[in-house]
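J.: This is coords00.cif (mmCIF, C-alpha atoms).
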```cif
data_run
loop_
_atom_site.group_PDB
_atom_site.id
_atom_site.type_symbol
_atom_site.label_atom_id
_atom_site.label_comp_id
_atom_site.auth_asym_id
_atom_site.auth_seq_id
_atom_site.Cartn_x
_atom_site.Cartn_y
_atom_site.Cartn_z
ATOM 1 C CA MET A 1 31.151 -2.749 -27.795
ATOM 2 C CA ALA A 2 28.493 -3.390 -25.134
ATOM 3 C CA SER A 3 29.065 -1.968 -21.680
ATOM 4 C CA SER A 4 30.287 -4.405 -19.034
ATOM 5 C CA LYS A 5 27.169 -3.464 -17.048
ATOM 6 C CA THR A 6 24.777 -4.416 -19.855
ATOM 7 C CA LYS A 7 22.273 -7.090 -18.839
ATOM 8 C CA ILE A 8 21.938 -9.822 -21.444
ATOM 9 C CA PHE A 9 19.248 -12.467 -21.888
ATOM 10 C CA LYS A 10 19.728 -15.657 -19.889
ATOM 11 C CA THR A 11 17.980 -18.942 -20.610
ATOM 12 C CA ILE A 12 16.214 -20.626 -17.702
ATOM 13 C CA ASP A 13 19.007 -23.218 -17.514
ATOM 14 C CA GLU A 14 21.517 -20.363 -17.248
ATOM 15 C CA GLN A 15 19.386 -18.712 -14.561
ATOM 16 C CA ILE A 16 19.442 -21.932 -12.530
ATOM 17 C CA THR A 17 23.217 -22.180 -12.989
ATOM 18 C CA ILE A 18 23.598 -18.619 -11.643
ATOM 19 C CA LEU A 19 21.450 -19.388 -8.601
ATOM 20 C CA ARG A 20 23.407 -22.549 -7.867
ATOM 21 C CA HIS A 21 26.691 -20.728 -8.343
ATOM 22 C CA LYS A 22 25.549 -18.299 -5.637
ATOM 23 C CA GLY A 23 24.933 -21.205 -3.287
ATOM 24 C CA LEU A 24 21.200 -21.840 -3.664
ATOM 25 C CA THR A 25 20.125 -25.459 -3.240
ATOM 26 C CA ILE A 26 17.866 -26.615 -6.084
ATOM 27 C CA ASP A 27 16.621 -30.176 -5.546
ATOM 28 C CA ASP A 28 14.020 -30.274 -8.319
ATOM 29 C CA PRO A 29 15.361 -28.527 -11.452
ATOM 30 C CA GLU A 30 12.277 -29.257 -13.574
ATOM 31 C CA LYS A 31 9.892 -27.773 -11.006
ATOM 32 C CA THR A 32 12.229 -24.808 -10.603
ATOM 33 C CA LYS A 33 12.335 -24.261 -14.386
ATOM 34 C CA ASN A 34 8.545 -24.233 -14.518
ATOM 35 C CA ILE A 35 8.306 -21.714 -11.690
ATOM 36 C CA LEU A 36 10.954 -19.424 -13.210
ATOM 37 C CA LEU A 37 9.158 -19.522 -16.553
ATOM 38 C CA ARG A 38 5.797 -18.627 -14.999
ATOM 39 C CA GLU A 39 6.928 -16.163 -12.360
ATOM 40 C CA ASN A 40 10.006 -14.435 -13.858
ATOM 41 C CA TYR A 41 13.546 -14.889 -12.559
ATOM 42 C CA PHE A 42 14.001 -11.165 -12.020
ATOM 43 C CA PHE A 43 11.106 -10.891 -9.574
ATOM 44 C CA ILE A 44 11.916 -14.032 -7.630
ATOM 45 C CA SER A 45 15.586 -13.054 -7.308
ATOM 46 C CA GLY A 46 14.405 -9.760 -5.842
ATOM 47 C CA TYR A 47 13.853 -11.626 -2.564
ATOM 48 C CA ARG A 48 17.328 -13.122 -2.364
ATOM 49 C CA HIS A 49 18.689 -10.349 -0.123
ATOM 50 C CA LEU A 50 16.880 -11.899 2.821
ATOM 51 C CA PHE A 51 18.956 -15.060 2.382
ATOM 52 C CA THR A 52 22.351 -13.727 1.251
ATOM 53 C CA SER A 53 25.563 -12.731 2.981
ATOM 54 C CA GLN A 54 27.589 -9.585 2.345
ATOM 55 C CA LYS A 55 29.292 -11.397 -0.545
ATOM 56 C CA ASP A 56 25.894 -11.861 -2.241
ATOM 57 C CA LYS A 57 26.138 -15.603 -1.647
ATOM 58 C CA PHE A 58 23.145 -17.503 -0.317
ATOM 59 C CA LEU A 59 23.376 -18.567 3.307
ATOM 60 C CA GLU A 60 24.438 -22.187 3.567
ATOM 61 C CA GLY A 61 21.454 -24.491 3.216
ATOM 62 C CA THR A 62 19.131 -21.990 1.535
ATOM 63 C CA THR A 63 16.749 -23.766 -0.812
ATOM 64 C CA PHE A 64 14.826 -22.560 -3.832
ATOM 65 C CA GLU A 65 11.647 -23.556 -1.989
ATOM 66 C CA GLU A 66 12.481 -21.016 0.725
ATOM 67 C CA LEU A 67 13.190 -18.284 -1.806
ATOM 68 C CA TYR A 68 9.992 -19.030 -3.717
ATOM 69 C CA ALA A 69 7.957 -19.222 -0.502
ATOM 70 C CA THR A 70 9.058 -15.684 0.317
ATOM 71 C CA PHE A 71 7.966 -14.545 -3.146
ATOM 72 C CA ILE A 72 4.551 -16.182 -2.592
ATOM 73 C CA PHE A 73 4.333 -14.721 0.908
ATOM 74 C CA ASP A 74 4.816 -11.232 -0.491
ATOM 75 C CA ARG A 75 2.171 -11.874 -3.156
ATOM 76 C CA LYS A 76 -0.299 -13.010 -0.490
ATOM 77 C CA LEU A 77 0.485 -9.923 1.595
ATOM 78 C CA ARG A 78 -0.123 -7.683 -1.426
ATOM 79 C CA ASN A 79 -3.496 -9.321 -1.991
ATOM 80 C CA ILE A 80 -4.483 -8.976 1.665
ATOM 81 C CA PHE A 81 -3.471 -5.341 1.937
ATOM 82 C CA PHE A 82 -4.789 -4.370 -1.469
ATOM 83 C CA LYS A 83 -8.321 -5.606 -0.789
ATOM 84 C CA ASN A 84 -8.362 -3.788 2.552
ATOM 85 C CA ILE A 85 -6.982 -0.580 1.045
ATOM 86 C CA LEU A 86 -9.811 -0.801 -1.501
ATOM 87 C CA ILE A 87 -12.277 -0.949 1.394
ATOM 88 C CA VAL A 88 -10.716 2.217 2.836
ATOM 89 C CA GLU A 89 -10.761 3.835 -0.601
ATOM 90 C CA ASN A 90 -14.457 3.122 -1.050
ATOM 91 C CA ASN A 91 -15.253 4.354 2.472
ATOM 92 C CA ILE A 92 -13.349 7.632 2.209
ATOM 93 C CA LYS A 93 -14.856 8.375 -1.202
ATOM 94 C CA SER A 94 -18.321 7.723 0.186
ATOM 95 C CA ILE A 95 -17.803 9.876 3.284
ATOM 96 C CA ILE A 96 -16.266 12.788 1.366
ATOM 97 C CA SER A 97 -18.970 12.755 -1.296
ATOM 98 C CA TYR A 98 -21.738 12.640 1.319
ATOM 99 C CA GLN A 99 -20.309 15.495 3.380
ATOM 100 C CA LEU A 100 -19.672 17.779 0.406
ATOM 101 C CA SER A 101 -22.950 16.990 -1.369
ATOM 102 C CA LYS A 102 -24.891 17.710 1.822
ATOM 103 C CA LYS A 103 -23.113 21.022 2.361
ATOM 104 C CA TYR A 104 -22.476 22.358 -1.159
ATOM 105 C CA GLY A 105 -24.942 20.580 -3.437
ATOM 106 C CA PHE A 106 -24.844 17.536 -5.682
ATOM 107 C CA ARG A 107 -24.076 19.163 -9.046
ATOM 108 C CA ASP A 108 -20.399 19.251 -10.026
ATOM 109 C CA LYS A 109 -20.494 23.001 -10.705
ATOM 110 C CA ASP A 110 -21.576 23.431 -7.072
ATOM 111 C CA TYR A 111 -19.373 21.040 -5.103
ATOM 112 C CA LEU A 112 -16.293 21.776 -7.273
ATOM 113 C CA ASN A 113 -16.658 25.531 -6.862
ATOM 114 C CA PRO A 114 -13.176 26.800 -5.866
ATOM 115 C CA GLN A 115 -14.794 28.919 -3.136
ATOM 116 C CA ASN A 116 -15.656 25.721 -1.250
ATOM 117 C CA PHE A 117 -11.987 24.975 -0.629
ATOM 118 C CA GLN A 118 -9.094 26.526 1.269
ATOM 119 C CA GLU A 119 -8.781 30.172 0.310
ATOM 120 C CA ASP A 120 -5.482 31.387 1.743
ATOM 121 C CA LYS A 121 -2.862 32.493 -0.774
ATOM 122 C CA LEU A 122 -0.546 29.573 -0.121
ATOM 123 C CA ALA A 123 -3.313 27.054 -0.836
ATOM 124 C CA SER A 124 -4.886 28.763 -3.868
ATOM 125 C CA ARG A 125 -2.422 27.293 -6.377
ATOM 126 C CA GLN A 126 -2.791 23.822 -4.893
ATOM 127 C CA VAL A 127 -6.589 24.091 -4.991
ATOM 128 C CA LYS A 128 -6.503 25.061 -8.662
ATOM 129 C CA ASP A 129 -4.037 22.283 -9.460
ATOM 130 C CA VAL A 130 -6.034 19.543 -7.697
ATOM 131 C CA LEU A 131 -9.373 20.653 -9.172
ATOM 132 C CA ASN A 132 -7.800 20.570 -12.632
ATOM 133 C CA LYS A 133 -6.578 17.024 -11.948
ATOM 134 C CA VAL A 134 -10.085 16.037 -10.901
ATOM 135 C CA LYS A 135 -11.591 17.467 -14.071
ATOM 136 C CA ARG A 136 -8.935 15.769 -16.226
ATOM 137 C CA GLN A 137 -9.631 12.382 -14.645
ATOM 138 C CA VAL A 138 -13.352 12.855 -15.186
ATOM 139 C CA SER A 139 -12.714 13.833 -18.801
ATOM 140 C CA VAL A 140 -10.468 10.815 -19.424
ATOM 141 C CA ASN A 141 -12.271 8.189 -17.354
ATOM 142 C CA GLY A 142 -15.843 9.493 -17.223
ATOM 143 C CA ARG A 143 -17.021 7.981 -20.500
ATOM 144 C CA GLN A 144 -15.649 4.579 -19.532
ATOM 145 C CA HIS A 145 -18.200 4.254 -16.719
ATOM 146 C CA THR A 146 -21.898 3.606 -17.289
ATOM 147 C CA ALA A 147 -23.019 5.673 -14.293
ATOM 148 C CA THR A 148 -21.090 8.809 -15.260
ATOM 149 C CA MET A 149 -22.262 8.490 -18.878
ATOM 150 C CA HIS A 150 -25.854 8.162 -17.678
ATOM 151 C CA TYR A 151 -25.714 11.395 -15.679
ATOM 152 C CA ILE A 152 -23.777 13.335 -18.316
ATOM 153 C CA ASP A 153 -26.120 12.298 -21.123
ATOM 154 C CA ASN A 154 -29.403 12.565 -19.213
ATOM 155 C CA TYR A 155 -28.813 15.330 -16.687
ATOM 156 C CA GLY A 156 -25.737 17.234 -17.838
ATOM 157 C CA TYR A 157 -23.920 16.882 -14.520
ATOM 158 C CA ILE A 158 -22.271 14.204 -12.364
ATOM 159 C CA PRO A 159 -23.223 13.929 -8.674
ATOM 160 C CA MET A 160 -20.209 13.558 -6.436
ATOM 161 C CA TRP A 161 -21.127 10.074 -5.233
ATOM 162 C CA VAL A 162 -20.774 8.997 -8.871
ATOM 163 C CA LEU A 163 -17.793 11.197 -9.738
ATOM 164 C CA VAL A 164 -15.583 9.689 -7.008
ATOM 165 C CA LYS A 165 -15.766 6.328 -8.755
ATOM 166 C CA VAL A 166 -13.575 7.617 -11.587
ATOM 167 C CA LEU A 167 -11.032 9.323 -9.328
ATOM 168 C CA SER A 168 -7.863 7.580 -8.191
ATOM 169 C CA PHE A 169 -7.027 7.148 -4.521
ATOM 170 C CA GLY A 170 -4.095 9.515 -5.005
ATOM 171 C CA ILE A 171 -6.355 12.259 -6.346
ATOM 172 C CA MET A 172 -8.816 11.708 -3.489
ATOM 173 C CA SER A 173 -5.939 12.065 -1.050
ATOM 174 C CA GLU A 174 -4.968 15.397 -2.616
ATOM 175 C CA PHE A 175 -8.627 16.429 -2.789
ATOM 176 C CA TYR A 176 -9.022 15.876 0.949
ATOM 177 C CA GLY A 177 -5.948 18.052 1.493
ATOM 178 C CA ILE A 178 -7.526 21.117 -0.147
ATOM 179 C CA LEU A 179 -10.838 20.951 1.736
ATOM 180 C CA ARG A 180 -11.676 23.605 4.277
ATOM 181 C CA GLN A 181 -10.443 22.672 7.740
ATOM 182 C CA ASP A 182 -13.954 22.216 9.153
ATOM 183 C CA ASP A 183 -14.835 19.877 6.272
ATOM 184 C CA GLN A 184 -11.618 17.943 6.806
ATOM 185 C CA GLN A 185 -12.356 17.530 10.492
ATOM 186 C CA ASN A 186 -15.959 16.461 9.923
ATOM 187 C CA ILE A 187 -14.651 13.686 7.689
ATOM 188 C CA ALA A 188 -11.758 12.756 10.007
ATOM 189 C CA SER A 189 -14.110 12.563 13.006
ATOM 190 C CA PHE A 190 -15.773 9.536 11.411
ATOM 191 C CA TYR A 191 -12.487 7.718 12.073
ATOM 192 C CA LYS A 192 -11.904 9.444 15.426
ATOM 193 C CA LEU A 193 -8.783 11.068 13.998
ATOM 194 C CA GLU A 194 -7.506 14.612 13.723
ATOM 195 C CA ALA A 195 -7.656 16.048 10.208
ATOM 196 C CA PRO A 196 -3.862 16.483 9.722
ATOM 197 C CA ILE A 197 -3.318 12.846 10.716
ATOM 198 C CA LEU A 198 -5.950 11.562 8.290
ATOM 199 C CA GLU A 199 -4.390 13.679 5.538
ATOM 200 C CA LYS A 200 -1.006 12.039 6.154
ATOM 201 C CA TYR A 201 -2.582 8.590 6.348
ATOM 202 C CA LEU A 202 -4.326 8.967 2.997
ATOM 203 C CA SER A 203 -1.156 10.167 1.293
ATOM 204 C CA ILE A 204 0.943 7.282 2.639
ATOM 205 C CA ILE A 205 -1.724 4.657 1.972
ATOM 206 C CA SER A 206 -1.923 5.912 -1.609
ATOM 207 C CA ASN A 207 1.762 5.029 -1.971
ATOM 208 C CA PHE A 208 1.208 1.515 -0.608
ATOM 209 C CA ARG A 209 -1.810 1.119 -2.888
ATOM 210 C CA ASN A 210 0.358 1.811 -5.935
ATOM 211 C CA VAL A 211 2.926 -0.759 -4.817
ATOM 212 C CA CYS A 212 0.190 -3.374 -4.434
ATOM 213 C CA ALA A 213 -1.564 -2.483 -7.701
ATOM 214 C CA HIS A 214 1.662 -2.724 -9.730
ATOM 215 C CA GLU A 215 2.746 -5.949 -7.981
ATOM 216 C CA ASP A 216 6.003 -4.441 -6.789
ATOM 217 C CA ILE A 217 7.908 -5.944 -3.851
ATOM 218 C CA LEU A 218 5.913 -4.997 -0.763
ATOM 219 C CA TYR A 219 7.312 -6.740 2.297
ATOM 220 C CA ASP A 220 10.340 -4.469 2.701
ATOM 221 C CA HIS A 221 8.831 -1.349 1.116
ATOM 222 C CA ARG A 222 9.521 1.930 2.891
ATOM 223 C CA THR A 223 7.708 5.192 2.195
ATOM 224 C CA GLN A 224 9.369 8.604 2.168
ATOM 225 C CA LYS A 225 6.711 10.006 4.474
ATOM 226 C CA ILE A 226 6.301 8.661 8.005
ATOM 227 C CA ILE A 227 3.154 8.308 10.038
ATOM 228 C CA PRO A 228 2.804 10.309 13.258
ATOM 229 C CA ASP A 229 3.548 8.569 16.552
ATOM 230 C CA SER A 230 0.410 6.896 17.847
ATOM 231 C CA LYS A 231 -0.780 5.403 21.116
ATOM 232 C CA TYR A 232 -0.218 1.992 19.560
ATOM 233 C CA HIS A 233 3.527 2.555 19.249
ATOM 234 C CA GLU A 234 3.662 3.219 22.976
ATOM 235 C CA GLN A 235 1.269 0.428 23.977
ATOM 236 C CA LEU A 236 3.310 -2.134 22.043
ATOM 237 C CA ASN A 237 6.532 -0.855 23.638
ATOM 238 C CA ILE A 238 8.158 -0.521 20.233
ATOM 239 C CA PRO A 239 11.846 0.310 20.725
ATOM 240 C CA LYS A 240 13.304 3.619 19.593
ATOM 241 C CA ILE A 241 16.488 4.521 17.751
ATOM 242 C CA ASP A 242 17.518 8.156 18.222
ATOM 243 C CA GLU A 243 14.058 8.906 19.652
ATOM 244 C CA VAL A 244 12.328 7.461 16.570
ATOM 245 C CA TYR A 245 10.256 4.292 16.786
ATOM 246 C CA LYS A 246 12.058 1.419 15.069
ATOM 247 C CA TYR A 247 8.882 -0.086 13.613
ATOM 248 C CA GLY A 248 5.561 1.236 12.415
ATOM 249 C CA LYS A 249 6.620 4.557 10.895
ATOM 250 C CA ASN A 250 7.226 4.141 7.149
ATOM 251 C CA ASP A 251 7.138 0.355 6.868
ATOM 252 C CA LEU A 252 4.438 -2.262 6.416
ATOM 253 C CA PHE A 253 3.571 -2.201 10.100
ATOM 254 C CA GLY A 254 2.930 1.509 9.713
ATOM 255 C CA LEU A 255 0.294 0.543 7.149
ATOM 256 C CA VAL A 256 -1.197 -1.928 9.630
ATOM 257 C CA ILE A 257 -1.407 0.816 12.274
ATOM 258 C CA MET A 258 -3.178 3.142 9.844
ATOM 259 C CA LEU A 259 -5.642 0.440 8.824
ATOM 260 C CA LYS A 260 -6.371 -0.146 12.506
ATOM 261 C CA SER A 261 -8.009 3.298 12.528
ATOM 262 C CA LEU A 262 -9.595 3.157 9.080
ATOM 263 C CA LEU A 263 -11.159 -0.321 8.951
ATOM 264 C CA SER A 264 -14.023 -1.610 11.062
ATOM 265 C CA ALA A 265 -13.054 -3.842 13.995
ATOM 266 C CA GLU A 266 -14.335 -6.890 12.130
ATOM 267 C CA GLU A 267 -12.453 -6.015 8.930
ATOM 268 C CA PHE A 268 -9.244 -5.380 10.835
ATOM 269 C CA SER A 269 -9.520 -8.613 12.805
ATOM 270 C CA GLU A 270 -10.017 -10.605 9.614
ATOM 271 C CA MET A 271 -7.014 -8.904 8.013
ATOM 272 C CA MET A 272 -4.794 -9.670 11.009
ATOM 273 C CA ASP A 273 -5.844 -13.331 10.986
ATOM 274 C CA GLU A 274 -5.005 -13.575 7.281
ATOM 275 C CA ILE A 275 -1.588 -12.006 7.814
ATOM 276 C CA ARG A 276 -0.839 -14.288 10.758
ATOM 277 C CA LEU A 277 -1.744 -17.338 8.675
ATOM 278 C CA GLU A 278 0.673 -16.293 5.919
ATOM 279 C CA VAL A 279 3.424 -15.615 8.469
ATOM 280 C CA GLU A 280 2.924 -19.090 9.939
ATOM 281 C CA ILE A 281 2.985 -20.736 6.507
ATOM 282 C CA LEU A 282 6.238 -18.971 5.631
ATOM 283 C CA ASP A 283 7.766 -19.862 9.001
ATOM 284 C CA ASP A 284 6.992 -23.534 8.379
ATOM 285 C CA ILE A 285 8.857 -23.473 5.056
ATOM 286 C CA VAL A 286 11.797 -21.195 5.842
ATOM 287 C CA SER A 287 14.339 -22.623 8.289
ATOM 288 C CA VAL A 288 17.644 -21.098 7.188
ATOM 289 C CA ILE A 289 16.776 -17.769 8.864
ATOM 290 C CA PRO A 290 14.658 -17.108 11.970
ATOM 291 C CA LEU A 291 11.146 -15.688 11.729
ATOM 292 C CA SER A 292 12.295 -12.633 13.685
ATOM 293 C CA LYS A 293 14.592 -11.630 10.810
ATOM 294 C CA ILE A 294 11.702 -11.818 8.348
ATOM 295 C CA LEU A 295 9.479 -9.775 10.651
ATOM 296 C CA GLN A 296 12.187 -7.136 11.061
ATOM 297 C CA LYS A 297 12.486 -6.864 7.278
ATOM 298 C CA ILE A 298 8.738 -6.232 7.098
ATOM 299 C CA GLY A 299 8.907 -3.748 9.958
ATOM 300 C CA PHE A 300 6.864 -5.910 12.328
ATOM 301 C CA PRO A 301 7.783 -6.014 16.031
ATOM 302 C CA ASP A 302 7.730 -9.492 17.572
ATOM 303 C CA ASN A 303 4.458 -8.679 19.344
ATOM 304 C CA TRP A 304 2.813 -7.258 16.211
ATOM 305 C CA TYR A 305 -0.307 -9.371 16.580
ATOM 306 C CA GLU A 306 -1.172 -7.740 19.919
ATOM 307 C CA LEU A 307 -2.248 -4.658 17.952
ATOM 308 C CA GLU A 308 -5.559 -6.344 17.184
ATOM 309 C CA SER A 309 -6.693 -6.322 20.816
ATOM 310 C CA LEU A 310 -5.612 -2.758 21.599
ATOM 311 C CA GLU A 311 -8.187 -0.001 21.939
#
```
Could you write out this file's structure as structure tokens?

T.:
Amino acid sequence: MASSKTKIFKTIDEQITILRHKGLTIDDPEKTKNILLRENYFFISGYRHLFTSQKDKFLEGTTFEELYATFIFDRKLRNIFFKNILIVENNIKSIISYQLSKKYGFRDKDYLNPQNFQEDKLASRQVKDVLNKVKRQVSVNGRQHTATMHYIDNYGYIPMWVLVKVLSFGIMSEFYGILRQDDQQNIASFYKLEAPILEKYLSIISNFRNVCAHEDILYDHRTQKIIPDSKYHEQLNIPKIDEVYKYGKNDLFGLVIMLKSLLSAEEFSEMMDEIRLEVEILDDIVSVIPLSKILQKIGFPDNWYELESLE
């Protein structure tokens, strides 16, 4: 006998019946059916918590249009953040490859020499582990890229500015973490950051990148790691709970704060305008809950947009 907790297949008509039973207003069943078929009931229903009471019933007056608008809003946010994370990814790969190639040489046997990295006993195992990951990614992905194939076949080595193209953001984050402290700081100084802060930023951004790349729910995502307190937390007068800032630590606004330091002023301004537009569009559609509740779920303070003008 199947367990009482076993999930069974539901037709789209049954899915609509379930939503209505939970109090969701559906004025256009045919349009709703089409959306559920294209977008997947499971993913759309993942946004219902914003509109439900403790009894898992939708707040009175909640419409399918509001639920779907939140789903679309999250998709738009993913697209906005993903393209800007890719900019950061390209930049950090370029800066790291330039710094290491200039200092250690452009052949992989030179710049991947274990002696170029942290040498204390505690770090030695991590250095070996990360370098092995780098070599595995090159082995697996290298022959899928024309540039790496060209260098391997014609020169017998891969310069670092080519090698970084086949490395994931997560590996680059770990790679930065095993660099010598002076190399870390030279790279971090490009962003006017301290090396330990940039190391944390890269690790956390890697997590957000994975969420975006796999199209997981982003708007209420929280990371295990938190970003260090910054001047922006103080300048925005973000409230604290038990001496910890309520917003901008492990939430989406924390990502915005990190991107403030890692994008150019023009790139950041464009990103903020795109986010504000999506917030306004959602606010126009959703009326059953206030915008402030949506912003809190994201981790945005009410004055989040002021971050753009801060120095």

J.: Suppose a student applies the PyMOL selection byres ((chain A and resi 81-86) around 12) to this structure; what residues should they get, written as an mmCIF file with C-alpha atoms, in the coordinates of the input?

T.:
```cif
data_model
loop_
_atom_site.group_PDB
_atom_site.id
_atom_site.type_symbol
_atom_site.label_atom_id
_atom_site.label_comp_id
_atom_site.auth_asym_id
_atom_site.auth_seq_id
_atom_site.Cartn_x
_atom_site.Cartn_y
_atom_site.Cartn_z
ATOM 1 C CA ASP A 74 4.816 -11.232 -0.491
ATOM 2 C CA ARG A 75 2.171 -11.874 -3.156
ATOM 3 C CA LYS A 76 -0.299 -13.010 -0.490
ATOM 4 C CA LEU A 77 0.485 -9.923 1.595
ATOM 5 C CA ARG A 78 -0.123 -7.683 -1.426
ATOM 6 C CA ASN A 79 -3.496 -9.321 -1.991
ATOM 7 C CA ILE A 80 -4.483 -8.976 1.665
ATOM 8 C CA ILE A 87 -12.277 -0.949 1.394
ATOM 9 C CA VAL A 88 -10.716 2.217 2.836
ATOM 10 C CA GLU A 89 -10.761 3.835 -0.601
ATOM 11 C CA ASN A 90 -14.457 3.122 -1.050
ATOM 12 C CA ASN A 91 -15.253 4.354 2.472
ATOM 13 C CA ILE A 92 -13.349 7.632 2.209
ATOM 14 C CA LYS A 93 -14.856 8.375 -1.202
ATOM 15 C CA LYS A 165 -15.766 6.328 -8.755
ATOM 16 C CA SER A 168 -7.863 7.580 -8.191
ATOM 17 C CA PHE A 169 -7.027 7.148 -4.521
ATOM 18 C CA TYR A 201 -2.582 8.590 6.348
ATOM 19 C CA LEU A 202 -4.326 8.967 2.997
ATOM 20 C CA ILE A 204 0.943 7.282 2.639
ATOM 21 C CA ILE A 205 -1.724 4.657 1.972
ATOM 22 C CA SER A 206 -1.923 5.912 -1.609
ATOM 23 C CA ASN A 207 1.762 5.029 -1.971
ATOM 24 C CA PHE A 208 1.208 1.515 -0.608
ATOM 25 C CA ARG A 209 -1.810 1.119 -2.888
ATOM 26 C CA ASN A 210 0.358 1.811 -5.935
ATOM 27 C CA VAL A 211 2.926 -0.759 -4.817
ATOM 28 C CA CYS A 212 0.190 -3.374 -4.434
ATOM 29 C CA ALA A 213 -1.564 -2.483 -7.701
ATOM 30 C CA HIS A 214 1.662 -2.724 -9.730
ATOM 31 C CA GLU A 215 2.746 -5.949 -7.981
ATOM 32 C CA LEU A 218 5.913 -4.997 -0.763
ATOM 33 C CA TYR A 219 7.312 -6.740 2.297
ATOM 34 C CA LEU A 252 4.438 -2.262 6.416
ATOM 35 C CA PHE A 253 3.571 -2.201 10.100
ATOM 36 C CA LEU A 255 0.294 0.543 7.149
ATOM 37 C CA VAL A 256 -1.197 -1.928 9.630
ATOM 38 C CA MET A 258 -3.178 3.142 9.844
ATOM 39 C CA LEU A 259 -5.642 0.440 8.824
ATOM 40 C CA LYS A 260 -6.371 -0.146 12.506
ATOM 41 C CA LEU A 262 -9.595 3.157 9.080
ATOM 42 C CA LEU A 263 -11.159 -0.321 8.951
ATOM 43 C CA SER A 264 -14.023 -1.610 11.062
ATOM 44 C CA GLU A 266 -14.335 -6.890 12.130
ATOM 45 C CA GLU A 267 -12.453 -6.015 8.930
ATOM 46 C CA PHE A 268 -9.244 -5.380 10.835
ATOM 47 C CA SER A 269 -9.520 -8.613 12.805
ATOM 48 C CA GLU A 270 -10.017 -10.605 9.614
ATOM 49 C CA MET A 271 -7.014 -8.904 8.013
ATOM 50 C CA MET A 272 -4.794 -9.670 11.009
ATOM 51 C CA GLU A 274 -5.005 -13.575 7.281
ATOM 52 C CA ILE A 275 -1.588 -12.006 7.814
#
```

J.: Between A:Pro114, A:Pro228, A:Gly177, A:Gly46, single out the one closest to A:Ile96, counting only C-alpha atoms.

T.: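 Ranking A:Pro114, A:Pro228, A:Gly177, A:Gly46 by distance to A:Ile96, first place goes to A:Gly177.
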
J.: Rounded to one decimal, what separation in Å do you get between atom CA of A:Leu36 and atom CA of A:Asp220?

T.: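 Between these atoms lies a distance of 21.8 Å.
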
J.: Expanded to explicit residues, what is the PyMOL selection byres ((chain A and resi 12) around 9) for this file, as a ChimeraX atom specification?

T.: /A:10-11,13-17,33,36-37,41

J.: So what do you get for atom CA of A:Thr25 versus atom CA of A:Tyr47, distance-wise?

T.: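 Value for the atom CA of A:Thr25-atom CA of A:Tyr47 distance: 15.2 Å.
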
J.: Give the answer as one residue: which of A:Asp216, A:Leu50, A:Tyr68, A:Tyr247 has the shortest atom-to-atom distance to A:Pro290, using only C-alpha atoms?

T.: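 Ranking A:Asp216, A:Leu50, A:Tyr68, A:Tyr247 by distance to A:Pro290, first place goes to A:Leu50.
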
J.: Nearest to A:Leu295: which of A:Asn141, A:Ser45, A:Gln235, A:Thr70 is it, counting all atoms listed in the file?

T.: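 Result for the nearest residue to A:Leu295: A:Thr70.
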
J.: Could you give me, as a PyMOL selection string, the residues within 9 Å of A:Leu163, counting all atoms listed in the file and dropping anything in the same chain fewer than 6 positions from it?

T.: chain A and resi 97+108+138+142+147-148

J.: List the residues selected by the PyMOL selection byres ((chain A and resi 185) around 12) in the file shown, writing them as a VMD selection string.

T.: chain A and resid 95 to 96 99 176 to 177 179 to 184 186 to 199

J.: How would you write as a PyMOL selection string the residues that get within 12 Å of (25.8, -13.6, -0.9) in the file's frame, counting only C-alpha atoms?

T.: chain A and resi 19-24+48-60+62

J.: What does the distance between atom CA of A:Thr32 and atom CA of A:Ile285 come to in Å, to one decimal place?

T.: 16.1 Å

J.: Nearest to A:Leu122 among A:Ile226, A:Pro29, A:Thr146, A:Ile178, with distances taken over all atoms listed in the file: which residue is it?

T.: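 Selected residue with least distance to A:Leu122: A:Ile178.
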
J.: For a quick check of understanding, using only C-alpha atoms, which of A:Gln144, A:Lys240, A:Gln137, A:Phe71 has the smallest distance to A:Phe43?

T.: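 For A:Phe43, the nearest of the candidates is A:Phe71.
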